[in-house]
Each structure stands twice: as C-alpha cells, then as structure tokens.
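Visitor: As input, take final-v7.pdb (PDB, C-alpha atoms):
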ATOM      1  CA  MET A   1     -66.105 -41.075 152.974  1.00  0.00           C
ATOM      2  CA  THR A   2     -67.674 -38.887 150.296  1.00  0.00           C
ATOM      3  CA  ILE A   3     -65.408 -37.753 147.464  1.00  0.00           C
ATOM      4  CA  PHE A   4     -66.509 -34.768 145.371  1.00  0.00           C
ATOM      5  CA  THR A   5     -64.964 -34.722 141.895  1.00  0.00           C
ATOM      6  CA  CYS A   6     -64.888 -32.176 139.076  1.00  0.00           C
ATOM      7  CA  LYS A   7     -63.014 -31.218 135.925  1.00  0.00           C
ATOM      8  CA  ASP A   8     -59.567 -29.694 136.297  1.00  0.00           C
ATOM      9  CA  GLN A   9     -60.816 -26.162 135.580  1.00  0.00           C
ATOM     10  CA  PHE A  10     -61.043 -23.229 137.973  1.00  0.00           C
ATOM     11  CA  ASP A  11     -64.820 -22.645 137.865  1.00  0.00           C
ATOM     12  CA  ASP A  12     -65.439 -26.367 138.298  1.00  0.00           C
ATOM     13  CA  MET A  13     -63.116 -26.487 141.305  1.00  0.00           C
ATOM     14  CA  MET A  14     -64.759 -23.503 142.992  1.00  0.00           C
ATOM     15  CA  THR A  15     -68.195 -25.054 142.399  1.00  0.00           C
ATOM     16  CA  CYS A  16     -66.947 -28.346 143.833  1.00  0.00           C
ATOM     17  CA  ILE A  17     -65.793 -26.506 146.984  1.00  0.00           C
ATOM     18  CA  TYR A  18     -69.211 -24.835 147.240  1.00  0.00           C
ATOM     19  CA  GLU A  19     -71.056 -28.156 146.953  1.00  0.00           C
ATOM     20  CA  ALA A  20     -68.757 -29.944 149.402  1.00  0.00           C
ATOM     21  CA  TRP A  21     -69.135 -27.181 151.991  1.00  0.00           C
ATOM     22  CA  SER A  22     -72.908 -27.038 151.524  1.00  0.00           C
ATOM     23  CA  SER A  23     -73.291 -30.793 151.915  1.00  0.00           C
ATOM     24  CA  ARG A  24     -72.813 -30.525 155.709  1.00  0.00           C
ATOM     25  CA  LEU A  25     -71.303 -34.005 155.801  1.00  0.00           C
ATOM     26  CA  GLY A  26     -68.450 -32.847 158.031  1.00  0.00           C
ATOM     27  CA  HIS A  27     -65.023 -31.737 156.785  1.00  0.00           C
ATOM     28  CA  SER A  28     -63.384 -34.934 158.061  1.00  0.00           C
ATOM     29  CA  ASN A  29     -65.801 -37.023 155.994  1.00  0.00           C
ATOM     30  CA  ILE A  30     -65.092 -35.242 152.714  1.00  0.00           C
ATOM     31  CA  LYS A  31     -62.379 -35.309 150.064  1.00  0.00           C
ATOM     32  CA  LEU A  32     -62.139 -33.287 146.865  1.00  0.00           C
ATOM     33  CA  LYS A  33     -60.375 -34.466 143.720  1.00  0.00           C
ATOM     34  CA  THR A  34     -59.998 -33.349 140.141  1.00  0.00           C
ATOM     35  CA  GLU A  35     -60.728 -35.705 137.281  1.00  0.00           C
ATOM     36  CA  PRO A  36     -59.615 -38.082 135.898  1.00  0.00           C
ATOM     37  CA  ILE A  37     -59.706 -39.989 139.187  1.00  0.00           C
ATOM     38  CA  GLY A  38     -57.691 -43.087 138.364  1.00  0.00           C
ATOM     39  CA  THR A  39     -57.972 -45.885 140.931  1.00  0.00           C
ATOM     40  CA  LEU A  40     -61.190 -45.674 142.928  1.00  0.00           C
ATOM     41  CA  GLU A  41     -61.067 -46.011 146.709  1.00  0.00           C
ATOM     42  CA  LEU A  42     -63.107 -48.681 148.472  1.00  0.00           C
ATOM     43  CA  PHE A  43     -66.193 -47.762 150.508  1.00  0.00           C
ATOM     44  CA  CYS A  44     -66.316 -44.217 149.097  1.00  0.00           C
ATOM     45  CA  ASP A  45     -69.258 -42.370 147.578  1.00  0.00           C
ATOM     46  CA  TYR A  46     -68.180 -40.400 144.485  1.00  0.00           C
ATOM     47  CA  ARG A  47     -70.148 -37.300 143.503  1.00  0.00           C
ATOM     48  CA  HIS A  48     -69.380 -35.521 140.241  1.00  0.00           C
ATOM     49  CA  VAL A  49     -69.911 -31.726 140.262  1.00  0.00           C
ATOM     50  CA  GLU A  50     -70.543 -29.597 137.169  1.00  0.00           C
ATOM     51  CA  ALA A  51     -69.439 -25.984 136.963  1.00  0.00           C
ATOM     52  CA  ASP A  52     -71.895 -23.322 138.071  1.00  0.00           C
ATOM     53  CA  LYS A  53     -70.818 -19.729 137.480  1.00  0.00           C
ATOM     54  CA  LYS A  54     -72.887 -18.263 140.327  1.00  0.00           C
ATOM     55  CA  LYS A  55     -71.623 -20.760 142.885  1.00  0.00           C
ATOM     56  CA  ALA A  56     -68.035 -20.277 141.735  1.00  0.00           C
ATOM     57  CA  GLN A  57     -68.361 -16.495 142.044  1.00  0.00           C
ATOM     58  CA  SER A  58     -69.847 -16.920 145.514  1.00  0.00           C
ATOM     59  CA  VAL A  59     -66.779 -18.864 146.668  1.00  0.00           C
ATOM     60  CA  ILE A  60     -64.432 -16.316 145.080  1.00  0.00           C
ATOM     61  CA  ARG A  61     -66.179 -13.366 146.801  1.00  0.00           C
ATOM     62  CA  THR A  62     -66.101 -15.167 150.149  1.00  0.00           C
ATOM     63  CA  ILE A  63     -62.360 -15.813 149.873  1.00  0.00           C
ATOM     64  CA  GLN A  64     -61.685 -12.178 149.021  1.00  0.00           C
ATOM     65  CA  GLN A  65     -63.906 -10.825 151.812  1.00  0.00           C
ATOM     66  CA  LYS A  66     -63.209 -13.261 154.655  1.00  0.00           C
ATOM     67  CA  ILE A  67     -59.519 -13.894 154.014  1.00  0.00           C
ATOM     68  CA  SER A  68     -57.868 -11.523 151.515  1.00  0.00           C
ATOM     69  CA  PHE A  69     -57.224 -10.850 147.844  1.00  0.00           C
ATOM     70  CA  ARG A  70     -53.733 -12.249 148.342  1.00  0.00           C
ATOM     71  CA  ALA A  71     -55.259 -15.529 149.524  1.00  0.00           C
ATOM     72  CA  TYR A  72     -57.492 -15.610 146.447  1.00  0.00           C
ATOM     73  CA  TYR A  73     -54.481 -15.139 144.141  1.00  0.00           C
ATOM     74  CA  MET A  74     -52.740 -17.991 145.973  1.00  0.00           C
ATOM     75  CA  VAL A  75     -55.771 -20.249 145.562  1.00  0.00           C
ATOM     76  CA  TYR A  76     -56.086 -19.371 141.864  1.00  0.00           C
ATOM     77  CA  ARG A  77     -52.438 -20.094 141.127  1.00  0.00           C
ATOM     78  CA  ALA A  78     -52.446 -23.287 143.176  1.00  0.00           C
ATOM     79  CA  ALA A  79     -55.476 -24.442 141.172  1.00  0.00           C
ATOM     80  CA  MET A  80     -53.446 -24.039 137.958  1.00  0.00           C
ATOM     81  CA  ALA A  81     -50.853 -26.615 139.083  1.00  0.00           C
ATOM     82  CA  ALA A  82     -50.647 -29.751 136.954  1.00  0.00           C
ATOM     83  CA  LYS A  83     -50.480 -33.417 137.933  1.00  0.00           C
ATOM     84  CA  GLU A  84     -51.108 -32.723 141.618  1.00  0.00           C
ATOM     85  CA  ASP A  85     -53.762 -35.106 142.910  1.00  0.00           C
ATOM     86  CA  ASP A  86     -54.046 -33.332 146.240  1.00  0.00           C
ATOM     87  CA  LYS A  87     -54.374 -29.738 145.046  1.00  0.00           C
ATOM     88  CA  LEU A  88     -58.169 -29.383 145.240  1.00  0.00           C
ATOM     89  CA  ASP A  89     -58.398 -31.015 148.655  1.00  0.00           C
ATOM     90  CA  THR A  90     -55.473 -28.847 149.828  1.00  0.00           C
ATOM     91  CA  ILE A  91     -57.299 -25.709 148.676  1.00  0.00           C
ATOM     92  CA  TYR A  92     -60.412 -26.865 150.535  1.00  0.00           C
ATOM     93  CA  ARG A  93     -58.446 -27.455 153.778  1.00  0.00           C
ATOM     94  CA  PHE A  94     -56.740 -24.086 153.345  1.00  0.00           C
ATOM     95  CA  LEU A  95     -60.109 -22.346 153.062  1.00  0.00           C
ATOM     96  CA  ILE A  96     -61.359 -24.075 156.211  1.00  0.00           C
ATOM     97  CA  LEU A  97     -58.432 -22.500 158.075  1.00  0.00           C
ATOM     98  CA  GLY A  98     -58.776 -19.193 156.240  1.00  0.00           C
ATOM     99  CA  PHE A  99     -62.456 -18.695 156.969  1.00  0.00           C
ATOM    100  CA  HIS A 100     -61.731 -19.313 160.660  1.00  0.00           C
ATOM    101  CA  TYR A 101     -58.537 -17.280 161.129  1.00  0.00           C
ATOM    102  CA  GLY A 102     -58.869 -14.670 158.383  1.00  0.00           C
ATOM    103  CA  LYS A 103     -55.890 -13.168 156.576  1.00  0.00           C
ATOM    104  CA  GLN A 104     -53.434 -14.186 159.295  1.00  0.00           C
ATOM    105  CA  VAL A 105     -53.682 -17.752 157.978  1.00  0.00           C
ATOM    106  CA  LEU A 106     -51.014 -16.764 155.452  1.00  0.00           C
ATOM    107  CA  ASP A 107     -48.542 -16.513 158.339  1.00  0.00           C
ATOM    108  CA  PHE A 108     -49.144 -20.116 159.471  1.00  0.00           C
ATOM    109  CA  LEU A 109     -46.118 -21.385 157.585  1.00  0.00           C
ATOM    110  CA  GLN A 110     -45.656 -24.281 160.003  1.00  0.00           C
ATOM    111  CA  ASN A 111     -49.056 -25.683 159.016  1.00  0.00           C
ATOM    112  CA  PRO A 112     -48.699 -28.462 156.377  1.00  0.00           C
ATOM    113  CA  VAL A 113     -51.761 -27.267 154.445  1.00  0.00           C
ATOM    114  CA  VAL A 114     -50.548 -23.669 154.225  1.00  0.00           C
ATOM    115  CA  MET A 115     -47.048 -24.840 153.320  1.00  0.00           C
ATOM    116  CA  ARG A 116     -48.479 -27.018 150.550  1.00  0.00           C
ATOM    117  CA  ILE A 117     -50.478 -24.105 149.116  1.00  0.00           C
ATOM    118  CA  PHE A 118     -47.266 -22.076 148.948  1.00  0.00           C
ATOM    119  CA  GLU A 119     -45.526 -24.983 147.183  1.00  0.00           C
ATOM    120  CA  LEU A 120     -48.260 -25.308 144.569  1.00  0.00           C
ATOM    121  CA  GLU A 121     -48.324 -21.563 143.963  1.00  0.00           C
ATOM    122  CA  ARG A 122     -44.545 -21.426 143.654  1.00  0.00           C
ATOM    123  CA  LYS A 123     -44.549 -24.246 141.111  1.00  0.00           C
ATOM    124  CA  VAL A 124     -47.009 -22.368 138.873  1.00  0.00           C
ATOM    125  CA  ILE A 125     -45.259 -18.999 139.285  1.00  0.00           C
ATOM    126  CA  ASN A 126     -41.862 -20.504 138.410  1.00  0.00           C
ATOM    127  CA  GLU A 127     -43.202 -22.083 135.239  1.00  0.00           C
ATOM    128  CA  SER A 128     -45.017 -18.939 134.125  1.00  0.00           C
ATOM    129  CA  HIS A 129     -41.827 -16.934 134.779  1.00  0.00           C
ATOM    130  CA  ILE A 130     -39.822 -19.152 132.420  1.00  0.00           C
ATOM    131  CA  PHE A 131     -42.483 -19.137 129.720  1.00  0.00           C
ATOM    132  CA  ARG A 132     -42.568 -15.331 129.804  1.00  0.00           C
ATOM    133  CA  GLU A 133     -39.082 -15.502 128.322  1.00  0.00           C
ATOM    134  CA  CYS A 134     -39.615 -18.594 126.133  1.00  0.00           C
ATOM    135  CA  ILE A 135     -42.691 -17.587 124.124  1.00  0.00           C
ATOM    136  CA  ARG A 136     -41.784 -17.045 120.482  1.00  0.00           C
ATOM    137  CA  PHE A 137     -44.406 -15.205 118.433  1.00  0.00           C
ATOM    138  CA  THR A 138     -44.868 -15.885 114.739  1.00  0.00           C
ATOM    139  CA  GLU A 139     -46.483 -13.272 112.503  1.00  0.00           C
ATOM    140  CA  MET A 140     -49.331 -14.810 110.526  1.00  0.00           C
ATOM    141  CA  ASP A 141     -51.960 -13.472 108.112  1.00  0.00           C
ATOM    142  CA  ASN A 142     -53.335  -9.984 108.830  1.00  0.00           C
ATOM    143  CA  HIS A 143     -50.336  -9.270 111.115  1.00  0.00           C
ATOM    144  CA  ILE A 144     -51.615 -11.518 113.924  1.00  0.00           C
ATOM    145  CA  LEU A 145     -48.886 -12.646 116.313  1.00  0.00           C
ATOM    146  CA  VAL A 146     -49.298 -16.244 117.502  1.00  0.00           C
ATOM    147  CA  GLY A 147     -47.251 -17.773 120.313  1.00  0.00           C
ATOM    148  CA  ILE A 148     -47.709 -21.486 121.001  1.00  0.00           C
ATOM    149  CA  ILE A 149     -46.519 -23.146 124.204  1.00  0.00           C
ATOM    150  CA  SER A 150     -46.849 -26.586 125.833  1.00  0.00           C
ATOM    151  CA  PRO A 151     -46.825 -25.902 129.591  1.00  0.00           C
ATOM    152  CA  LYS A 152     -47.334 -28.492 132.298  1.00  0.00           C
ATOM    153  CA  CYS A 153     -49.305 -26.040 134.459  1.00  0.00           C
ATOM    154  CA  ASP A 154     -52.177 -23.932 133.145  1.00  0.00           C
ATOM    155  CA  VAL A 155     -50.264 -20.650 132.927  1.00  0.00           C
ATOM    156  CA  ILE A 156     -51.611 -18.750 129.916  1.00  0.00           C
ATOM    157  CA  THR A 157     -53.949 -16.575 132.017  1.00  0.00           C
ATOM    158  CA  LEU A 158     -50.923 -15.618 134.135  1.00  0.00           C
ATOM    159  CA  LEU A 159     -48.870 -14.759 131.055  1.00  0.00           C
ATOM    160  CA  ALA A 160     -51.530 -12.652 129.327  1.00  0.00           C
ATOM    161  CA  PRO A 161     -51.278  -9.496 131.530  1.00  0.00           C
ATOM    162  CA  GLU A 162     -47.532  -9.370 130.912  1.00  0.00           C
ATOM    163  CA  PHE A 163     -47.991  -9.250 127.147  1.00  0.00           C
ATOM    164  CA  VAL A 164     -50.860  -6.767 127.360  1.00  0.00           C
ATOM    165  CA  ASP A 165     -48.240  -4.360 128.740  1.00  0.00           C
ATOM    166  CA  ARG A 166     -45.643  -5.345 126.160  1.00  0.00           C
ATOM    167  CA  LEU A 167     -47.899  -5.444 123.082  1.00  0.00           C
ATOM    168  CA  PRO A 168     -50.976  -3.311 123.822  1.00  0.00           C
ATOM    169  CA  SER A 169     -51.620  -2.260 120.202  1.00  0.00           C
ATOM    170  CA  GLU A 170     -51.008  -5.618 118.529  1.00  0.00           C
ATOM    171  CA  ASN A 171     -53.322  -8.467 117.644  1.00  0.00           C
ATOM    172  CA  TRP A 172     -51.871 -11.526 119.356  1.00  0.00           C
ATOM    173  CA  MET A 173     -52.705 -14.964 120.700  1.00  0.00           C
ATOM    174  CA  ILE A 174     -51.028 -17.210 123.250  1.00  0.00           C
ATOM    175  CA  VAL A 175     -52.047 -20.816 122.652  1.00  0.00           C
ATOM    176  CA  ASP A 176     -51.730 -23.756 125.043  1.00  0.00           C
ATOM    177  CA  ASP A 177     -51.590 -26.708 122.661  1.00  0.00           C
ATOM    178  CA  ALA A 178     -51.759 -29.255 125.496  1.00  0.00           C
ATOM    179  CA  ARG A 179     -55.135 -27.984 126.776  1.00  0.00           C
ATOM    180  CA  LYS A 180     -56.331 -26.525 123.449  1.00  0.00           C
ATOM    181  CA  THR A 181     -57.037 -23.129 124.980  1.00  0.00           C
ATOM    182  CA  ALA A 182     -55.973 -19.669 123.877  1.00  0.00           C
ATOM    183  CA  VAL A 183     -55.761 -16.138 125.198  1.00  0.00           C
ATOM    184  CA  VAL A 184     -56.818 -13.767 122.404  1.00  0.00           C
ATOM    185  CA  HIS A 185     -55.912 -10.064 122.484  1.00  0.00           C
ATOM    186  CA  PRO A 186     -57.445  -7.762 119.841  1.00  0.00           C
ATOM    187  CA  ALA A 187     -55.417  -4.566 119.396  1.00  0.00           C
ATOM    188  CA  ASP A 188     -56.136  -1.962 122.107  1.00  0.00           C
ATOM    189  CA  GLN A 189     -58.890  -4.116 123.643  1.00  0.00           C
ATOM    190  CA  GLN A 190     -59.351  -6.513 126.552  1.00  0.00           C
ATOM    191  CA  TYR A 191     -58.045 -10.042 126.108  1.00  0.00           C
ATOM    192  CA  TYR A 192     -60.259 -13.083 126.600  1.00  0.00           C
ATOM    193  CA  LEU A 193     -59.845 -16.837 127.099  1.00  0.00           C
ATOM    194  CA  THR A 194     -61.304 -19.303 124.609  1.00  0.00           C
ATOM    195  CA  SER A 195     -61.248 -23.036 123.868  1.00  0.00           C
ATOM    196  CA  LEU A 196     -60.155 -24.446 120.511  1.00  0.00           C
ATOM    197  CA  SER A 197     -61.610 -27.468 118.758  1.00  0.00           C
ATOM    198  CA  GLU A 198     -59.415 -30.238 117.358  1.00  0.00           C
ATOM    199  CA  GLU A 199     -59.902 -28.854 113.844  1.00  0.00           C
ATOM    200  CA  GLU A 200     -59.082 -25.272 114.877  1.00  0.00           C
ATOM    201  CA  MET A 201     -55.995 -26.413 116.768  1.00  0.00           C
ATOM    202  CA  SER A 202     -54.756 -28.520 113.862  1.00  0.00           C
ATOM    203  CA  GLU A 203     -55.312 -25.698 111.366  1.00  0.00           C
ATOM    204  CA  LEU A 204     -53.568 -23.189 113.639  1.00  0.00           C
ATOM    205  CA  LEU A 205     -50.512 -25.417 114.099  1.00  0.00           C
ATOM    206  CA  THR A 206     -50.274 -26.002 110.349  1.00  0.00           C
ATOM    207  CA  LYS A 207     -50.464 -22.291 109.523  1.00  0.00           C
ATOM    208  CA  GLU A 208     -48.040 -21.361 112.298  1.00  0.00           C
ATOM    209  CA  SER A 209     -45.512 -23.935 111.099  1.00  0.00           C
ATOM    210  CA  ALA A 210     -45.767 -22.685 107.509  1.00  0.00           C
ATOM    211  CA  ALA A 211     -45.485 -19.022 108.578  1.00  0.00           C
ATOM    212  CA  LYS A 212     -42.193 -19.678 110.385  1.00  0.00           C
ATOM    213  CA  ASP A 213     -40.424 -20.211 107.076  1.00  0.00           C
ATOM    214  CA  THR A 214     -40.926 -16.582 106.070  1.00  0.00           C
ATOM    215  CA  ASP A 215     -41.264 -14.883 109.462  1.00  0.00           C
ATOM    216  CA  ILE A 216     -38.545 -12.273 110.049  1.00  0.00           C
ATOM    217  CA  MET A 217     -38.531 -12.586 113.855  1.00  0.00           C
ATOM    218  CA  THR A 218     -38.184 -16.378 113.683  1.00  0.00           C
ATOM    219  CA  ASN A 219     -35.110 -15.997 111.481  1.00  0.00           C
ATOM    220  CA  LEU A 220     -33.712 -13.309 113.793  1.00  0.00           C
ATOM    221  CA  TRP A 221     -34.046 -15.612 116.814  1.00  0.00           C
ATOM    222  CA  LYS A 222     -32.166 -18.358 114.982  1.00  0.00           C
ATOM    223  CA  GLU A 223     -29.449 -15.966 113.834  1.00  0.00           C
ATOM    224  CA  PHE A 224     -29.100 -14.403 117.287  1.00  0.00           C
ATOM    225  CA  PHE A 225     -28.781 -17.811 118.954  1.00  0.00           C
ATOM    226  CA  GLN A 226     -26.100 -18.950 116.512  1.00  0.00           C
ATOM    227  CA  THR A 227     -24.203 -15.644 116.672  1.00  0.00           C
ATOM    228  CA  ILE A 228     -23.837 -15.351 120.462  1.00  0.00           C
ATOM    229  CA  GLY A 229     -22.906 -19.012 120.943  1.00  0.00           C
ATOM    230  CA  ILE A 230     -19.272 -19.880 121.629  1.00  0.00           C
ATOM    231  CA  LYS A 231     -18.497 -23.336 120.290  1.00  0.00           C
ATOM    232  CA  GLU A 232     -15.717 -24.036 122.795  1.00  0.00           C
ATOM    233  CA  ARG A 233     -17.992 -23.220 125.719  1.00  0.00           C
ATOM    234  CA  LYS A 234     -21.003 -25.204 124.593  1.00  0.00           C
ATOM    235  CA  ASN A 235     -22.465 -27.056 127.596  1.00  0.00           C
ATOM    236  CA  PRO A 236     -25.695 -28.981 126.784  1.00  0.00           C
ATOM    237  CA  THR A 237     -26.066 -30.251 130.353  1.00  0.00           C
ATOM    238  CA  CYS A 238     -26.029 -26.763 131.832  1.00  0.00           C
ATOM    239  CA  GLN A 239     -28.341 -25.576 129.061  1.00  0.00           C
ATOM    240  CA  ARG A 240     -30.867 -28.318 129.873  1.00  0.00           C
ATOM    241  CA  ASN A 241     -30.785 -27.336 133.551  1.00  0.00           C
ATOM    242  CA  LEU A 242     -31.596 -23.717 132.712  1.00  0.00           C
ATOM    243  CA  ILE A 243     -34.125 -24.474 129.949  1.00  0.00           C
ATOM    244  CA  PRO A 244     -35.401 -28.079 130.125  1.00  0.00           C
ATOM    245  CA  LEU A 245     -36.198 -29.803 126.850  1.00  0.00           C
ATOM    246  CA  TRP A 246     -39.977 -29.587 127.242  1.00  0.00           C
ATOM    247  CA  TYR A 247     -39.796 -25.766 127.279  1.00  0.00           C
ATOM    248  CA  ARG A 248     -38.147 -25.771 123.856  1.00  0.00           C
ATOM    249  CA  LYS A 249     -40.877 -27.433 121.798  1.00  0.00           C
ATOM    250  CA  HIS A 250     -41.894 -24.153 120.108  1.00  0.00           C
ATOM    251  CA  MET A 251     -38.587 -22.252 120.338  1.00  0.00           C
ATOM    252  CA  PRO A 252     -37.294 -22.102 116.733  1.00  0.00           C
ATOM    253  CA  GLU A 253     -33.686 -21.347 117.739  1.00  0.00           C
ATOM    254  CA  MET A 254     -33.590 -24.614 119.709  1.00  0.00           C
ATOM    255  CA  GLN A 255     -34.734 -26.744 116.762  1.00  0.00           C
ATOM    256  CA  GLU A 256     -32.021 -28.511 114.848  1.00  0.00           C
TER     257      GLU A 256
END
Let's see the structure in the file written out as structure tokens.
Guide:
Amino acid sequence: MTIFTCKDQFDDMMTCIYEAWSSRLGHSNIKLKTEPIGTLELFCDYRHVEADKKKAQSVIRTIQQKISFRAYYMVYRAAMAAKEDDKLDTIYRFLILGFHYGKQVLDFLQNPVVMRIFELERKVINESHIFRECIRFTEMDNHILVGIISPKCDVITLLAPEFVDRLPSENWMIVDDARKTAVVHPADQQYYLTSLSEEEMSELLTKESAAKDTDIMTNLWKEFFQTIGIKERKNPTCQRNLIPLWYRKHMPEMQE
C-alpha cells in the first residue's frame, strides 16, 4: 500500500490527489492522508507531496468540467473539515466516482463515500453558520475592524463573502488564531487570504485586547447582553447547547 501525504491545506490536498492519480498504482493500492500522520502503518510506502499551484488548478478545473461546480464546492468545504483523518481519502474516492458518473454522482446518497462527503460538508457549513453570528469586531487604529475567532474547521474563507456584503466600504480583518491565518479586506476592494507569523499574531492579539477597553461596539455588546437577560430564566445548560463554550472565546459579552 502506498500512502500519499500532504499538509492540511487545500492546494496541498489537490496536488496530492493529482500525484496519486498520476502514479498509476491502482486506486485500491493507494491511500491519501493529511499530516500530521500519527501512527504509521506497517508495510506501507509513505510519499510526501508538496503543493503545486498548476497541478492543484488542474484538479479543480477537472472537477468543475467533468462533474459540476456544485461538486467542487462540496469538495472544497469537505477539505476544510478539522480532525477528520479520512477526509482526503474520501475526497479522492468521491472523485473516482464523479469522473465516471458525472454530476449524477451527487444523487448517489446510498453510497458511503458520497454520504461521507455530505457529512463533512455539513459539518463545515454548520460551523461557519454559527461563526457568522458570533464574530465580534473590534475597532483598532486607523478605523480597522478586527474580528478574531478560534474555529475547529477552516471557515474564514467561507465567512469572508458574507462580510464583503455587510461591510463593503470598511477596512476589516477576520483572523483565525488557531491556524494563524487572516482574511484581509481593504475598503471597496477584493479581500485576500494571508498567513501571520508568531510575532504578528502576538502583536495583533495584544492590540485587539487593549482596544476592547475603549471600543464602543464591545461595550454595546456587553450592555445589550446584560439588558435582555432575565435572571429568573437563566439556563446555562441550554445556553451551552446553543453556543458551546469554544465559540465564546472572543465574544466579549460572554466573558465574566
């Protein structure tokens, strides 16, 4: 068995699929996994794959042309799922079916691979939906709005289009402090994705924390939360079910 491995990033995963398919070792003799690998399997040949933009784009175009754009969106969202050891291999098996059957593969709901792709996509969509409502922006120097989140799945690229519509003429950033990545939107321009160094991330967190003390919107969120609450009806268990604790890390109204 040959196991192709790559970083848990979209371009790396698409390149890994390209290399696995081009190897001609036979689909049944191949597995794909994202790194870190953990426990190695016996009698397996591990091949690390580095990202290649041209190869990744080739896979993306093939998915869009031979299956559908809907299938590509499913693959992209499934690839954003966190802590799923089988996601890359599932995407590979899904594409094997998709390239053979075309867009009708999306109707094969009884197939375990197709069902698993839907599960992974749903997990990412559900998390991005909650974070759309849980992002709290803080106004920093030069009127830049900064929203920091700690998602399990890699959802900031799914959140960005929503806030382009909401705040088209504002300078804002959505920062994933777990992955040290950020979506940056200059006013009235296209947003872009960037990585942050340890120093940049530390400096950003320090400034954001200090800015909260004087930020009007932060104080309004706290006041609103306290005002609408009814002490006699307080139900922490129900509240945790609706907004789990790990969503609240950067919600100022939830901090005691």
Visitor: Wanna dump the stretch 53-155 of chain A-stretch 20-37 of chain A contacts at 9 Å for me, each residue with its shortest atom pair and the distance in Å to one decimal, counting all atoms listed in the file, ordered by chain and number, as a tab-separated table?
Guide:
residue	atom	partner	partner_atom	distance
A:Asp85	CA	A:Lys33	CA	6.7
A:Asp86	CA	A:Lys33	CA	6.9
A:Lys87	CA	A:Lys33	CA	7.8
A:Leu88	CA	A:Lys33	CA	5.7
A:Asp89	CA	A:Leu32	CA	4.7
A:Thr90	CA	A:Leu32	CA	8.5
A:Tyr92	CA	A:Leu32	CA	7.6
A:Arg93	CA	A:His27	CA	8.4
A:Ile96	CA	A:His27	CA	8.5
Visitor: Enumerate, as a list in words, the residues matched when the PyMOL selection byres ((chain A and resi 79-83) around 9) is run on the file above.
Guide: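 Applying the expression gives Asp8, Gln9, Phe10, Met13, Met74, Val75, Tyr76, Arg77, Ala78, Glu84, Asp85, Lys87, Leu88, Ile91, Leu120, Glu121, Lys123, Val124, Lys152, Cys153, Asp154 and Val155 of chain A.
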Visitor: For A:Met14, list every protein, DNA or RNA residue within 6 Å, evaluated using only C-alpha atoms, and leave out those in the same chain fewer than 3 positions away; present the list as an MDAnalysis selection string.
Guide: chainID A and resid 11 17 56
Visitor: For a quick check of understanding, using all atoms listed in the file, which of A:Leu193, A:Met254, A:Ile144, A:Ile117 has the smallest distance to A:Gln226?
Guide: A:Met254
Visitor: Counting only C-alpha atoms, which of A:Leu159, A:Met115, A:Ala182, A:Ile63 gets nearest to A:Glu200?
Guide: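 Looking at the shortest contact to A:Glu200, the residue is A:Ala182.
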Visitor: Apply the PyMOL selection byres ((chain A and resi 102) around 12) to the file shown and report the selected residues as JSON, numbers by chain.
Guide: {"A": [62, 63, 64, 65, 66, 67, 68, 69, 70, 71, 94, 95, 96, 97, 98, 99, 100, 101, 103, 104, 105, 106, 107, 108]}
Visitor: Applying the PyMOL selection byres ((chain A and resi 165) around 12) to the file I just gave you, which residues come out? Please list them as JSON, numbers by chain.
Guide: {"A": [159, 160, 161, 162, 163, 164, 166, 167, 168, 169, 170, 185, 187, 188, 189, 190, 191]}
Visitor: Mind pulling up the distance from atom CA of A:Ile130 to atom CA of A:Lys222?
Guide: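 It comes out at 19.1 Å.
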Visitor: Between atom CA of A:Asn241 and atom CA of A:Leu205, what is the spacing in Å?
Guide: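 Computing it gives 27.8 Å between the two atoms.
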Visitor: Can you list, as a ChimeraX atom specification, every protein, DNA or RNA residue that comes within 12 Å of A:Ile149 when you count only C-alpha atoms, leaving out same-chain residues fewer than 3 positions away?
Guide: /A:127-128,130-137,146,152-156,159,173-183,205,246-252
Visitor: How about saving the chosen residues, C-alpha atoms kept, as a PDB file, in the coordinates of the input?
Guide:
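Contents of the output file out-v3.pdb:
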ATOM      1  CA  GLU A 127     -43.202 -22.083 135.239  1.00  0.00           C
ATOM      2  CA  SER A 128     -45.017 -18.939 134.125  1.00  0.00           C
ATOM      3  CA  ILE A 130     -39.822 -19.152 132.420  1.00  0.00           C
ATOM      4  CA  PHE A 131     -42.483 -19.137 129.720  1.00  0.00           C
ATOM      5  CA  ARG A 132     -42.568 -15.331 129.804  1.00  0.00           C
ATOM      6  CA  GLU A 133     -39.082 -15.502 128.322  1.00  0.00           C
ATOM      7  CA  CYS A 134     -39.615 -18.594 126.133  1.00  0.00           C
ATOM      8  CA  ILE A 135     -42.691 -17.587 124.124  1.00  0.00           C
ATOM      9  CA  ARG A 136     -41.784 -17.045 120.482  1.00  0.00           C
ATOM     10  CA  PHE A 137     -44.406 -15.205 118.433  1.00  0.00           C
ATOM     11  CA  VAL A 146     -49.298 -16.244 117.502  1.00  0.00           C
ATOM     12  CA  LYS A 152     -47.334 -28.492 132.298  1.00  0.00           C
ATOM     13  CA  CYS A 153     -49.305 -26.040 134.459  1.00  0.00           C
ATOM     14  CA  ASP A 154     -52.177 -23.932 133.145  1.00  0.00           C
ATOM     15  CA  VAL A 155     -50.264 -20.650 132.927  1.00  0.00           C
ATOM     16  CA  ILE A 156     -51.611 -18.750 129.916  1.00  0.00           C
ATOM     17  CA  LEU A 159     -48.870 -14.759 131.055  1.00  0.00           C
ATOM     18  CA  MET A 173     -52.705 -14.964 120.700  1.00  0.00           C
ATOM     19  CA  ILE A 174     -51.028 -17.210 123.250  1.00  0.00           C
ATOM     20  CA  VAL A 175     -52.047 -20.816 122.652  1.00  0.00           C
ATOM     21  CA  ASP A 176     -51.730 -23.756 125.043  1.00  0.00           C
ATOM     22  CA  ASP A 177     -51.590 -26.708 122.661  1.00  0.00           C
ATOM     23  CA  ALA A 178     -51.759 -29.255 125.496  1.00  0.00           C
ATOM     24  CA  ARG A 179     -55.135 -27.984 126.776  1.00  0.00           C
ATOM     25  CA  LYS A 180     -56.331 -26.525 123.449  1.00  0.00           C
ATOM     26  CA  THR A 181     -57.037 -23.129 124.980  1.00  0.00           C
ATOM     27  CA  ALA A 182     -55.973 -19.669 123.877  1.00  0.00           C
ATOM     28  CA  VAL A 183     -55.761 -16.138 125.198  1.00  0.00           C
ATOM     29  CA  LEU A 205     -50.512 -25.417 114.099  1.00  0.00           C
ATOM     30  CA  TRP A 246     -39.977 -29.587 127.242  1.00  0.00           C
ATOM     31  CA  TYR A 247     -39.796 -25.766 127.279  1.00  0.00           C
ATOM     32  CA  ARG A 248     -38.147 -25.771 123.856  1.00  0.00           C
ATOM     33  CA  LYS A 249     -40.877 -27.433 121.798  1.00  0.00           C
ATOM     34  CA  HIS A 250     -41.894 -24.153 120.108  1.00  0.00           C
ATOM     35  CA  MET A 251     -38.587 -22.252 120.338  1.00  0.00           C
ATOM     36  CA  PRO A 252     -37.294 -22.102 116.733  1.00  0.00           C
TER      37      PRO A 252
END
Visitor: What does the distance between atom CA of A:Tyr46 and atom CA of A:Glu19 come to in Å, to one decimal place?
Guide: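 These two atoms are separated by 12.8 Å.
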Visitor: Assuming 8 Å of padding per side, give the centre and edge lengths of the axis-aligned box around every listed atom of stretch 189-197 of chain A, in Å to one decimal and as JSON.
Guide:
{"center_x": -59.8, "center_y": -15.8, "center_z": 122.9, "size_x": 19.6, "size_y": 39.4, "size_z": 24.3}
Visitor: Using all atoms listed in the file, which of A:Lys54, A:Asp215, A:Leu220, A:Gly38 sits nearest A:Thr15?
Guide: A:Lys54
